[in-house]
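Student: Below is the file structure-v7.txt, with compact mmCIF, C-alpha atoms.
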```txt
# COMPACT_ATOMS: atom_id res chain seq x y z
CA MET I 30 144.72 3.69 132.42
CA PRO I 31 141.04 4.75 132.48
CA THR I 32 140.28 8.06 134.16
CA GLN I 33 138.56 7.60 137.50
CA SER I 34 135.19 9.28 137.86
CA PRO I 35 134.53 11.99 140.49
CA PHE I 36 131.91 9.60 141.88
CA SER I 37 134.59 7.03 142.77
CA ARG I 38 136.73 9.66 144.55
CA VAL I 39 133.77 10.84 146.61
CA GLU I 40 132.77 7.26 147.38
CA ARG I 41 136.22 6.39 148.66
CA GLY I 42 136.08 9.43 150.95
CA VAL I 43 132.73 8.27 152.29
CA ASN I 44 134.13 4.77 152.74
CA LEU I 45 136.98 6.08 154.89
CA ILE I 46 134.44 7.72 157.21
CA ALA I 47 132.26 4.60 157.22
CA ALA I 48 135.22 2.34 157.97
CA SER I 49 135.76 4.20 161.23
CA ARG I 50 132.16 3.42 162.21
CA GLY I 51 132.32 -0.30 161.58
CA PRO I 52 132.38 -2.87 158.78
CA ALA I 53 128.58 -3.23 158.65
CA VAL I 54 128.15 0.44 157.76
CA LEU I 55 130.87 0.15 155.11
CA ARG I 56 129.20 -2.93 153.59
CA ASP I 57 125.86 -1.11 153.40
CA ILE I 58 127.44 1.87 151.67
CA ASN I 59 129.21 -0.39 149.18
CA VAL I 60 125.98 -2.24 148.39
CA ARG I 61 124.15 1.06 147.83
CA THR I 62 126.99 2.32 145.63
CA VAL I 63 126.93 -0.81 143.48
CA LEU I 64 123.12 -0.70 143.27
CA HIS I 65 123.18 2.94 142.16
CA LEU I 66 125.74 2.22 139.46
CA LEU I 67 123.91 -0.90 138.29
CA ARG I 68 120.76 1.19 137.80
CA VAL I 69 122.67 3.89 135.92
CA HIS I 70 124.59 1.49 133.65
CA ASN I 71 122.00 -1.30 133.46
CA PRO I 72 122.98 -3.93 132.29
CA CYS I 73 126.68 -4.29 133.05
CA SER I 74 129.27 -6.68 134.45
CA CYS I 75 131.00 -6.90 137.83
CA SER I 76 134.21 -5.61 136.26
CA ASP I 77 132.28 -2.64 134.88
CA LEU I 78 130.92 -1.90 138.34
CA ALA I 79 134.42 -2.15 139.85
CA ARG I 80 135.72 0.29 137.23
CA TYR I 81 132.86 2.76 137.71
CA SER I 82 133.03 2.69 141.52
CA GLY I 83 136.73 2.43 142.19
CA LEU I 84 135.98 -0.49 144.53
CA SER I 85 137.89 -3.77 144.41
CA VAL I 86 136.48 -6.66 142.37
CA PRO I 87 135.97 -8.85 145.51
CA THR I 88 134.10 -5.98 147.20
CA VAL I 89 131.87 -5.54 144.17
CA ALA I 90 131.29 -9.28 143.92
CA SER I 91 130.24 -9.39 147.57
CA SER I 92 127.86 -6.45 147.05
CA VAL I 93 126.39 -8.05 143.93
CA ALA I 94 125.81 -11.30 145.82
CA ARG I 95 123.89 -9.33 148.45
CA LEU I 96 121.79 -7.61 145.77
CA GLU I 97 121.04 -10.98 144.14
CA GLN I 98 120.04 -12.42 147.52
CA ILE I 99 117.62 -9.53 148.10
CA GLY I 100 116.28 -9.79 144.55
CA LEU I 101 117.44 -6.39 143.30
CA ALA I 102 119.91 -7.83 140.78
CA LYS I 103 119.63 -10.70 138.31
CA ARG I 104 122.11 -12.41 136.02
CA LEU I 105 121.52 -12.15 132.28
CA GLY I 106 124.18 -14.55 131.06
CA LYS I 107 127.43 -13.85 129.26
CA GLY I 108 128.08 -10.67 127.34
CA SER I 109 130.35 -10.05 124.36
CA SER I 110 134.11 -10.26 124.81
CA SER I 111 136.82 -8.01 123.45
CA GLY I 112 139.31 -10.76 124.11
CA GLY I 113 139.44 -13.30 126.90
CA ARG I 114 136.58 -14.79 128.87
CA PRO I 115 133.13 -13.19 128.21
CA PRO I 116 131.85 -11.33 131.28
CA HIS I 117 128.67 -12.27 133.12
CA LEU I 118 126.12 -9.49 132.75
CA LEU I 119 123.88 -8.26 135.54
CA ARG I 120 120.69 -6.26 135.34
CA PHE I 121 118.71 -4.29 137.86
CA ASN I 122 115.42 -5.99 138.73
CA GLU I 123 112.99 -3.14 138.16
CA THR I 124 110.05 -5.36 139.21
CA TYR I 125 111.42 -5.83 142.73
CA GLY I 126 108.96 -3.16 143.81
CA TYR I 127 106.62 -0.48 142.51
CA VAL I 128 105.70 3.11 143.25
CA ALA I 129 102.50 5.08 142.80
CA GLY I 130 101.77 8.68 141.91
CA ILE I 131 98.51 10.53 142.61
CA ASP I 132 97.52 13.86 141.08
CA ILE I 133 94.67 15.83 142.65
CA SER I 134 93.18 18.45 140.33
CA ALA I 135 90.04 20.59 140.49
CA ASN I 136 87.61 17.83 139.52
CA LEU I 137 89.66 14.68 138.98
CA ILE I 138 92.02 12.29 140.72
CA ARG I 139 94.63 10.55 138.57
CA VAL I 140 96.57 7.54 139.81
CA GLY I 141 99.55 5.89 138.15
CA ILE I 142 101.81 2.97 139.07
CA ALA I 143 105.37 2.55 137.79
CA ASP I 144 108.14 0.00 138.27
CA LEU I 145 111.51 0.95 139.75
CA SER I 146 112.83 2.04 136.36
CA GLY I 147 110.11 4.68 136.28
CA GLU I 148 108.13 3.03 133.49
CA LEU I 149 104.42 3.76 133.85
CA LEU I 150 102.58 0.43 133.93
CA GLY I 151 99.02 1.70 134.23
CA GLU I 152 96.90 4.62 135.30
CA SER I 153 93.35 5.33 136.34
CA THR I 154 91.20 8.45 136.61
CA GLY I 155 88.21 9.13 138.83
CA GLU I 156 86.01 12.11 139.50
CA MET I 157 86.51 14.09 142.69
CA GLY I 158 82.79 14.08 143.48
CA GLU I 159 80.25 16.81 144.13
CA LYS I 160 81.53 17.47 147.66
CA PRO I 161 85.31 17.05 147.68
CA TRP I 162 85.71 16.99 151.47
CA PRO I 163 89.20 15.80 152.54
CA MET I 164 88.15 12.42 153.97
CA ALA I 165 85.96 11.65 150.97
CA VAL I 166 88.88 12.44 148.65
CA VAL I 167 91.21 10.25 150.72
CA GLU I 168 88.81 7.32 150.43
CA ARG I 169 88.51 7.91 146.68
CA MET I 170 92.30 8.01 146.26
CA VAL I 171 92.77 4.79 148.19
CA ALA I 172 90.00 3.05 146.23
CA LEU I 173 91.44 4.11 142.85
CA LEU I 174 94.98 3.10 143.81
CA THR I 175 93.90 -0.26 145.24
CA ALA I 176 91.83 -1.08 142.17
CA LEU I 177 94.70 -0.22 139.82
CA ARG I 178 97.21 -2.21 141.88
CA GLU I 179 94.95 -5.25 141.83
CA GLU I 180 94.31 -4.84 138.10
CA LEU I 181 98.09 -4.91 137.53
CA ARG I 182 98.37 -7.89 139.91
CA ILE I 183 100.85 -6.13 142.18
CA PRO I 184 100.86 -7.38 145.80
CA ALA I 185 100.33 -4.68 148.40
CA LYS I 186 103.70 -5.48 150.00
CA ARG I 187 105.47 -4.62 146.70
CA LEU I 188 104.21 -1.04 146.75
CA LEU I 189 107.17 0.85 148.22
CA ALA I 190 106.13 4.51 148.19
CA VAL I 191 103.44 6.93 147.02
CA GLY I 192 103.90 10.50 145.80
CA VAL I 193 100.93 12.88 145.86
CA ALA I 194 100.56 16.10 143.86
CA ALA I 195 98.25 18.38 145.84
CA PRO I 196 97.05 21.86 144.90
CA GLY I 197 97.73 24.81 147.20
CA ILE I 198 100.35 25.43 149.87
CA THR I 199 101.83 22.14 151.08
CA ASP I 200 104.13 21.41 154.03
CA VAL I 201 106.16 18.49 152.68
CA ASP I 202 107.79 17.57 155.99
CA ALA I 203 104.44 17.21 157.75
CA GLY I 204 102.54 15.87 154.72
CA MET I 205 100.12 18.73 155.34
CA VAL I 206 98.00 20.54 152.77
CA VAL I 207 97.98 23.98 154.39
CA SER I 208 95.45 25.70 152.15
CA VAL I 209 93.55 25.21 148.88
CA PRO I 210 91.31 28.29 148.46
CA SER I 211 89.41 26.74 145.56
CA MET I 212 88.47 23.60 147.54
CA GLN I 213 86.13 23.92 150.52
CA GLY I 214 87.38 22.35 153.73
CA TRP I 215 90.98 22.02 152.55
CA GLU I 216 92.87 23.89 155.22
CA ASN I 217 95.54 22.23 157.39
CA VAL I 218 94.61 18.77 156.10
CA PRO I 219 97.10 16.04 157.21
CA LEU I 220 96.85 14.29 153.86
CA GLY I 221 100.10 12.35 154.18
CA PRO I 222 99.36 10.79 157.58
CA LEU I 223 95.79 10.00 156.52
CA LEU I 224 97.03 8.09 153.47
CA VAL I 225 99.80 6.34 155.41
CA GLU I 226 97.17 5.05 157.83
CA LYS I 227 95.18 3.60 154.93
CA LEU I 228 97.99 2.36 152.67
CA ARG I 229 100.70 1.41 155.19
CA VAL I 230 103.50 2.70 152.93
CA PRO I 231 105.55 5.92 152.92
CA VAL I 232 103.56 8.80 151.39
CA ILE I 233 105.11 12.10 150.32
CA VAL I 234 102.76 15.02 149.65
CA GLU I 235 104.05 17.90 147.54
CA ASN I 236 102.60 20.95 145.80
CA ASP I 237 101.32 19.98 142.35
CA VAL I 238 103.22 22.69 140.45
CA ASN I 239 106.45 21.79 142.25
CA LEU I 240 105.93 18.22 141.07
CA ALA I 241 105.20 19.41 137.53
CA ALA I 242 108.59 21.14 137.69
CA LEU I 243 110.22 17.96 139.03
CA GLY I 244 108.59 15.91 136.28
CA GLU I 245 109.76 18.32 133.59
CA HIS I 246 113.25 18.37 135.09
CA SER I 247 113.42 14.57 135.18
CA TYR I 248 111.71 13.61 131.92
CA GLY I 249 110.84 16.71 129.89
CA ILE I 250 112.25 19.78 128.20
CA ALA I 251 114.08 20.97 131.33
CA GLN I 252 116.41 17.97 131.64
CA GLY I 253 119.89 19.25 132.40
CA GLU I 254 118.66 22.71 133.48
CA LYS I 255 119.98 23.59 136.93
CA ASN I 256 117.78 26.67 137.29
CA PHE I 257 114.36 26.99 135.74
CA VAL I 258 110.76 27.78 136.63
CA PHE I 259 107.59 25.89 135.77
CA VAL I 260 104.61 28.27 135.54
CA HIS I 261 101.16 26.69 135.68
CA ILE I 262 98.24 28.75 134.38
CA GLY I 263 94.83 27.12 134.51
CA ARG I 264 92.11 27.25 137.10
CA GLY I 265 94.94 27.95 139.53
CA VAL I 266 98.16 29.89 138.97
CA GLY I 267 101.47 28.91 140.53
CA ALA I 268 105.15 28.32 139.92
CA GLY I 269 107.57 25.50 140.70
CA LEU I 270 111.14 26.68 141.27
CA ILE I 271 114.11 24.45 140.51
CA ILE I 272 117.28 26.02 141.95
CA ASN I 273 120.61 24.21 141.67
CA GLY I 274 118.72 21.14 140.51
CA GLN I 275 116.43 20.99 143.56
CA VAL I 276 112.86 22.08 144.25
CA HIS I 277 112.92 25.28 146.31
CA HIS I 278 110.23 25.55 149.00
CA GLY I 279 111.19 28.27 151.45
CA PRO I 280 110.77 28.02 155.24
CA GLU I 281 106.98 28.51 155.08
CA TRP I 282 106.53 26.35 151.96
CA THR I 283 105.17 29.29 149.94
CA ALA I 284 107.95 29.72 147.36
CA GLY I 285 106.33 29.86 143.93
CA GLU I 286 102.86 30.93 145.10
CA ILE I 287 102.76 33.59 142.39
CA GLY I 288 98.96 33.47 142.21
CA TYR I 289 98.99 35.88 145.18
CA LEU I 290 101.04 38.55 143.36
CA LEU I 291 99.45 41.94 142.83
CA VAL I 292 98.16 42.91 139.40
CA SER I 293 99.03 46.27 137.90
CA GLY I 294 96.22 48.74 138.59
CA GLY I 295 94.65 46.57 141.29
CA SER I 296 94.11 47.64 144.87
CA VAL I 297 96.60 46.57 147.53
CA GLN I 298 94.99 44.05 149.86
CA PRO I 299 96.44 41.82 152.60
CA ILE I 300 97.24 38.30 151.40
CA ARG I 301 94.82 35.72 152.76
CA LYS I 302 95.61 32.06 152.30
CA SER I 303 91.90 31.24 152.32
CA GLN I 304 91.25 33.59 149.39
CA VAL I 305 92.18 33.36 145.73
CA GLY I 306 95.15 35.64 144.97
CA ALA I 307 94.95 38.72 142.73
CA LEU I 308 97.01 37.32 139.85
CA GLU I 309 95.14 34.02 139.86
CA ALA I 310 91.82 35.87 139.86
CA ALA I 311 92.99 37.93 136.88
CA ILE I 312 94.58 35.35 134.58
CA GLY I 313 93.16 32.00 135.70
CA THR I 314 90.33 30.36 133.77
CA THR I 315 87.61 32.01 135.89
CA GLY I 316 89.15 35.45 135.44
CA ILE I 317 89.44 35.12 131.67
CA GLU I 318 85.85 33.99 131.32
CA ARG I 319 84.72 36.90 133.50
CA GLN I 320 86.67 39.36 131.34
CA TRP I 321 85.01 37.95 128.21
CA ARG I 322 81.56 38.62 129.63
CA GLU I 323 82.52 42.12 130.81
CA LEU I 324 84.08 43.14 127.50
CA ALA I 325 81.14 41.75 125.59
CA ALA I 326 78.75 43.89 127.67
CA GLN I 327 80.93 47.01 127.32
CA ASN I 328 81.02 46.62 123.56
CA GLY I 329 77.28 46.13 123.18
CA HIS I 330 77.46 42.34 122.82
CA ALA I 331 75.69 41.38 126.03
CA GLY I 332 74.05 38.43 124.33
CA LEU I 333 77.38 37.02 123.11
CA GLU I 334 77.78 33.33 123.82
CA ASP I 335 79.65 32.25 126.94
CA LEU I 336 82.95 30.64 126.08
CA SER I 337 85.43 28.62 128.07
CA SER I 338 88.85 30.15 128.67
CA GLY I 339 90.43 27.81 126.13
CA GLU I 340 87.84 28.76 123.52
CA ILE I 341 88.55 32.45 124.14
CA LEU I 342 92.26 31.88 123.45
CA ASP I 343 91.31 29.91 120.33
CA ARG I 344 89.24 32.88 119.15
CA ALA I 345 92.20 35.19 119.73
CA ALA I 346 94.44 32.96 117.61
CA GLN I 347 91.80 33.15 114.85
CA GLY I 348 91.80 36.95 114.89
CA ASP I 349 88.77 37.75 117.07
CA LEU I 350 89.39 41.34 118.27
CA LEU I 351 87.51 40.97 121.56
CA ALA I 352 89.42 37.81 122.45
CA GLN I 353 92.70 39.44 121.41
CA LYS I 354 92.09 42.25 123.93
CA ILE I 355 91.87 39.65 126.66
CA VAL I 356 95.03 37.88 125.51
CA ASP I 357 96.82 41.25 125.45
CA ARG I 358 95.84 41.90 129.06
CA ILE I 359 96.81 38.41 130.22
CA SER I 360 100.11 38.34 128.35
CA ASP I 361 101.05 41.70 129.92
CA CYS I 362 100.58 40.12 133.35
CA VAL I 363 102.40 36.93 132.44
CA ALA I 364 105.31 38.82 130.86
CA MET I 365 105.59 40.93 134.03
CA VAL I 366 105.73 37.78 136.16
CA CYS I 367 108.35 36.20 133.87
CA SER I 368 110.46 39.37 134.10
CA TYR I 369 110.24 39.40 137.90
CA LEU I 370 111.17 35.73 138.10
CA SER I 371 114.14 36.34 135.81
CA LEU I 372 115.28 39.44 137.71
CA ILE I 373 115.12 37.64 141.07
CA LEU I 374 116.34 34.17 140.05
CA ASN I 375 118.11 34.85 136.72
CA CYS I 376 116.64 31.53 135.53
CA SER I 377 117.56 30.36 132.03
CA LEU I 378 114.20 28.79 131.18
CA ILE I 379 110.52 29.20 132.04
CA VAL I 380 108.26 26.28 131.13
CA PHE I 381 104.53 26.85 130.81
CA GLY I 382 101.93 24.27 131.77
CA GLY I 383 98.24 24.14 132.61
CA GLU I 384 95.23 24.50 130.36
CA LEU I 385 96.02 28.12 129.48
CA GLY I 386 99.80 28.01 129.90
CA MET I 387 100.06 25.41 127.15
CA HIS I 388 98.06 27.49 124.65
CA PRO I 389 100.32 28.80 121.83
CA ALA I 390 98.44 32.13 121.64
CA LEU I 391 99.45 33.05 125.19
CA LEU I 392 103.05 31.91 124.74
CA GLN I 393 103.45 33.90 121.52
CA ALA I 394 101.96 37.09 123.00
CA THR I 395 104.09 36.80 126.15
CA SER I 396 107.26 36.18 124.14
CA ALA I 397 106.57 39.27 122.03
CA ARG I 398 106.36 41.45 125.12
CA LEU I 399 109.52 40.02 126.67
CA GLU I 400 111.51 40.63 123.49
CA GLU I 401 111.15 44.36 124.12
CA HIS I 402 113.42 44.02 127.19
CA ASP I 403 117.19 44.44 127.07
CA PHE I 404 117.56 41.64 129.63
CA ALA I 405 115.40 39.62 132.05
CA HIS I 406 114.29 37.72 128.97
CA PRO I 407 114.45 33.98 129.72
CA ARG I 408 113.73 31.33 127.13
CA LEU I 409 110.06 30.32 127.15
CA ALA I 410 108.74 26.87 126.29
CA ILE I 411 105.60 24.77 126.63
CA THR I 412 105.84 21.62 128.75
CA GLN I 413 106.78 18.47 126.86
CA LEU I 414 104.86 16.33 129.34
CA GLY I 415 101.57 18.17 128.92
CA THR I 416 98.91 17.19 131.42
CA ASN I 417 101.13 14.32 132.64
CA ALA I 418 103.70 16.64 134.24
CA GLN I 419 102.24 16.46 137.77
CA LEU I 420 101.74 12.69 137.68
CA LYS I 421 105.25 12.14 136.32
CA GLY I 422 106.61 14.33 139.10
CA ALA I 423 104.63 12.43 141.73
CA LEU I 424 106.04 9.14 140.45
CA ARG I 425 109.56 10.59 140.46
CA LEU I 426 109.09 11.73 144.06
CA ALA I 427 107.92 8.25 145.01
CA LEU I 428 110.95 6.71 143.30
CA GLN I 429 113.26 8.95 145.30
CA SER I 430 111.56 7.80 148.48
CA ALA I 431 111.76 4.14 147.44
CA ASP I 432 115.49 4.48 146.76
CA SER I 433 116.07 5.19 150.44
CA VAL I 434 114.66 1.80 151.48
CA LEU I 435 116.29 -0.35 148.77
CA ALA I 436 119.19 -2.55 149.81
```
Could you express the structure from this file as structure tokens?

Tutor:
Amino acid sequence: MPTQSPFSRVERGVNLIAASRGPAVLRDINVRTVLHLLRVHNPCSCSDLARYSGLSVPTVASSVARLEQIGLAKRLGKGSSSGGRPPHLLRFNETYGYVAGIDISANLIRVGIADLSGELLGESTGEMGEKPWPMAVVERMVALLTALREELRIPAKRLLAVGVAAPGITDVDAGMVVSVPSMQGWENVPLGPLLVEKLRVPVIVENDVNLAALGEHSYGIAQGEKNFVFVHIGRGVGAGLIINGQVHHGPEWTAGEIGYLLVSGGSVQPIRKSQVGALEAAIGTTGIERQWRELAAQNGHAGLEDLSSGEILDRAAQGDLLAQKIVDRISDCVAMVCSYLSLILNCSLIVFGGELGMHPALLQATSARLEEHDFAHPRLAITQLGTNAQLKGALRLALQSADSVLA
């Protein structure tokens, strides 16, 4: 006899509870169970679904009929037989509905639309504008999303949920962007409710680095990792914490706001949510470019060309001594942060993202410093998703929301 899965044992326990509440509740749970398994094992037969779920064949058949009536399941025809009558195969209808992801960065807004299998069907990018006031950004987001949906010929009623990656501290329950120090006017902005009013679909707003972590956990190098940290280093600096497979927020939604950490040798100042944090000021793009100018002046090279932060790291990789000094300083800070994260969370993996976090020169220098430790030395890696991590995470968040309304 085939071994029954833990899922089937749990499901039967849930069914016993549901049965006491009425047959309608039990039917709904059975339909959701069959839908979940159809998506996981797509395509498969009714007998497969009965075996996976531990439910009876008539119960599965009834649930499948309901899914076909809704439009969430379709018949493919007969599959191969190992003896006896060939089974009828079913597939999940991933085009029953669609989800959207929106990523807000310093200067750009990226929008993507995916089907219910998570496949990205199209994306669009637009500039934030010279004055990125909240309402202007909301209008721009809606316009970009509407144009992309119409380009893909997706009816508005088929858009089931939208996930938004927002910079700064974000209250997910309220859909509130609490603070974005680098963006004027972005304090206590009810971004979720504003978008719901315009789009008339569920909207979930989450911190962008948290969504980068979710994207990496779902589709990237961190698949299967129960505990890891995504560290973003670019214009902003932050961390997304995955603990026991879930994004960790904390009661005030500030878990992972490492940009506010103190820097060795710096003065101790109260943390202000409206101000850029000490670590972010030191190792973000603006801080690196400032250090380049200061070191150039100190070394008698005041007329040295201004370089972008990425170009400075490129110079360091090519052996430029001035640029290497900057990378040494930054990697000391980053290694310290990685050690602290490992000591507190004992995470097995730290994934780097962002314009600077993805640069090999910084990863190599940070790894070298961590290797000097006896412990608190997690594995370091660069994101597999690159600049798509936040958008992928936003789409994943939207898919999770859409799942709650299916069937």

Student: Neighbours of stretch 309-312 of chain I within 10 Å (only C-alpha atoms; same-chain residues fewer than 5 positions away dropped), as a PyMOL selection string?

Tutor: chain I and resi 262-267+286-292+295+304+317-320+338+355-356+358-360+362-363+385

Student: Residues around (106.7, 33.8, 134.0), cut-off 12 Å, counting only C-alpha atoms - what are they as a compact mmCIF listing (two decimals) with C-alpha atoms, in the coordinates of the input?

Tutor:
```
# COMPACT_ATOMS: atom_id res chain seq x y z
CA PHE I 257 114.36 26.99 135.74
CA VAL I 258 110.76 27.78 136.63
CA PHE I 259 107.59 25.89 135.77
CA VAL I 260 104.61 28.27 135.54
CA HIS I 261 101.16 26.69 135.68
CA ILE I 262 98.24 28.75 134.38
CA VAL I 266 98.16 29.89 138.97
CA GLY I 267 101.47 28.91 140.53
CA ALA I 268 105.15 28.32 139.92
CA GLY I 269 107.57 25.50 140.70
CA LEU I 270 111.14 26.68 141.27
CA GLY I 285 106.33 29.86 143.93
CA ILE I 287 102.76 33.59 142.39
CA GLY I 288 98.96 33.47 142.21
CA LEU I 290 101.04 38.55 143.36
CA LEU I 308 97.01 37.32 139.85
CA ILE I 359 96.81 38.41 130.22
CA SER I 360 100.11 38.34 128.35
CA ASP I 361 101.05 41.70 129.92
CA CYS I 362 100.58 40.12 133.35
CA VAL I 363 102.40 36.93 132.44
CA ALA I 364 105.31 38.82 130.86
CA MET I 365 105.59 40.93 134.03
CA VAL I 366 105.73 37.78 136.16
CA CYS I 367 108.35 36.20 133.87
CA SER I 368 110.46 39.37 134.10
CA TYR I 369 110.24 39.40 137.90
CA LEU I 370 111.17 35.73 138.10
CA SER I 371 114.14 36.34 135.81
CA LEU I 372 115.28 39.44 137.71
CA ILE I 373 115.12 37.64 141.07
CA LEU I 374 116.34 34.17 140.05
CA ASN I 375 118.11 34.85 136.72
CA CYS I 376 116.64 31.53 135.53
CA SER I 377 117.56 30.36 132.03
CA LEU I 378 114.20 28.79 131.18
CA ILE I 379 110.52 29.20 132.04
CA VAL I 380 108.26 26.28 131.13
CA PHE I 381 104.53 26.85 130.81
CA GLY I 382 101.93 24.27 131.77
CA GLY I 386 99.80 28.01 129.90
CA LEU I 391 99.45 33.05 125.19
CA LEU I 392 103.05 31.91 124.74
CA THR I 395 104.09 36.80 126.15
CA SER I 396 107.26 36.18 124.14
CA ARG I 398 106.36 41.45 125.12
CA LEU I 399 109.52 40.02 126.67
CA ALA I 405 115.40 39.62 132.05
CA HIS I 406 114.29 37.72 128.97
CA PRO I 407 114.45 33.98 129.72
CA ARG I 408 113.73 31.33 127.13
CA LEU I 409 110.06 30.32 127.15
CA ALA I 410 108.74 26.87 126.29
CA ILE I 411 105.60 24.77 126.63
```

Student: Quick check, in Å to one decimal: how far apart do atom CA of I:Ser337 and atom CA of I:Leu350 lie?

Tutor: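 Here the two named atoms are 16.5 Å from each other.
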
Student: Of the residues I:Ala284, I:Pro52, I:Val218, I:Pro231, which is the one nearest to I:Ser430, using all atoms listed in the file?

Tutor: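 Smallest separation from I:Ser430 among the options: I:Pro231.
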
Student: From the list I:Asp77, I:Asp202, I:Asp349, I:Asp237, which residue is nearest I:Ala90 when using all atoms listed in the file?

Tutor: I:Asp77

Student: Within 10 Å of I:Pro87, counting all atoms listed in the file, which residues qualify if same-chain residues fewer than 4 places away don't, as a PyMOL selection string?

Tutor: chain I and resi 75-76+79+91-93

Student: I:Ala195, I:Ala241, I:Ile142, I:Leu324: which is nearest I:Thr416, counting all atoms listed in the file?

Tutor: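 Of I:Ala195, I:Ala241, I:Ile142, I:Leu324, the one nearest I:Thr416, counting all atoms listed in the file, is I:Ala241.
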
Student: Find the residues near stretch 148-153 of chain I: any atom within 9 Å, counting all atoms listed in the file, skip ones fewer than 4 places away on the same chain, and give them as a PyMOL selection string.

Tutor: chain I and resi 138-144+173-174+176-178+180-181+421+424

Student: Rounded to one decimal in Å, what is the spacing between atom CA of I:Thr88 and atom CA of I:Leu101?

Tutor: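 Those two atoms sit 17.1 Å apart.
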
Student: Counting only C-alpha atoms, which residues have an atom no more than 10 Å from (91.0, 30.3, 121.3) in the file's coordinates? Please list them as a PyMOL selection string.

Tutor: chain I and resi 336-349+352-353+356+385+388-391

Student: Based on the selection just made, write C-alpha atoms of those residues as a PDB file, in the frame of the given file.

Tutor:
```pdb
ATOM      1  CA  LEU I 336      82.950  30.640 126.080  1.00  0.00           C
ATOM      2  CA  SER I 337      85.430  28.620 128.070  1.00  0.00           C
ATOM      3  CA  SER I 338      88.850  30.150 128.670  1.00  0.00           C
ATOM      4  CA  GLY I 339      90.430  27.810 126.130  1.00  0.00           C
ATOM      5  CA  GLU I 340      87.840  28.760 123.520  1.00  0.00           C
ATOM      6  CA  ILE I 341      88.550  32.450 124.140  1.00  0.00           C
ATOM      7  CA  LEU I 342      92.260  31.880 123.450  1.00  0.00           C
ATOM      8  CA  ASP I 343      91.310  29.910 120.330  1.00  0.00           C
ATOM      9  CA  ARG I 344      89.240  32.880 119.150  1.00  0.00           C
ATOM     10  CA  ALA I 345      92.200  35.190 119.730  1.00  0.00           C
ATOM     11  CA  ALA I 346      94.440  32.960 117.610  1.00  0.00           C
ATOM     12  CA  GLN I 347      91.800  33.150 114.850  1.00  0.00           C
ATOM     13  CA  GLY I 348      91.800  36.950 114.890  1.00  0.00           C
ATOM     14  CA  ASP I 349      88.770  37.750 117.070  1.00  0.00           C
ATOM     15  CA  ALA I 352      89.420  37.810 122.450  1.00  0.00           C
ATOM     16  CA  GLN I 353      92.700  39.440 121.410  1.00  0.00           C
ATOM     17  CA  VAL I 356      95.030  37.880 125.510  1.00  0.00           C
ATOM     18  CA  LEU I 385      96.020  28.120 129.480  1.00  0.00           C
ATOM     19  CA  HIS I 388      98.060  27.490 124.650  1.00  0.00           C
ATOM     20  CA  PRO I 389     100.320  28.800 121.830  1.00  0.00           C
ATOM     21  CA  ALA I 390      98.440  32.130 121.640  1.00  0.00           C
ATOM     22  CA  LEU I 391      99.450  33.050 125.190  1.00  0.00           C
TER      23      LEU I 391
END
```

Student: Would you mind telling me which residue in I:Asp132, I:Glu281, I:Asp57, I:Glu401 lies nearest to I:Ala203 when using only C-alpha atoms?

Tutor: I:Glu281

Student: Using only C-alpha atoms, determine which residues lie at most 7 Å from stretch 220-229 of chain I, disregarding the query and same-chain residues fewer than 5 positions distant; provide the list as a list in words.

Tutor: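 In the requested format, the answer is Val167, Gly204, Met205, Val206 and Val234 of chain I.
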
Student: Given only C-alpha atoms as the basis, pick out the residue of I:Val207, I:Leu145, I:Val201, I:Cys73 nearest to I:Arg187.

Tutor: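 Answer, going by the shortest atom-to-atom distance: I:Leu145.
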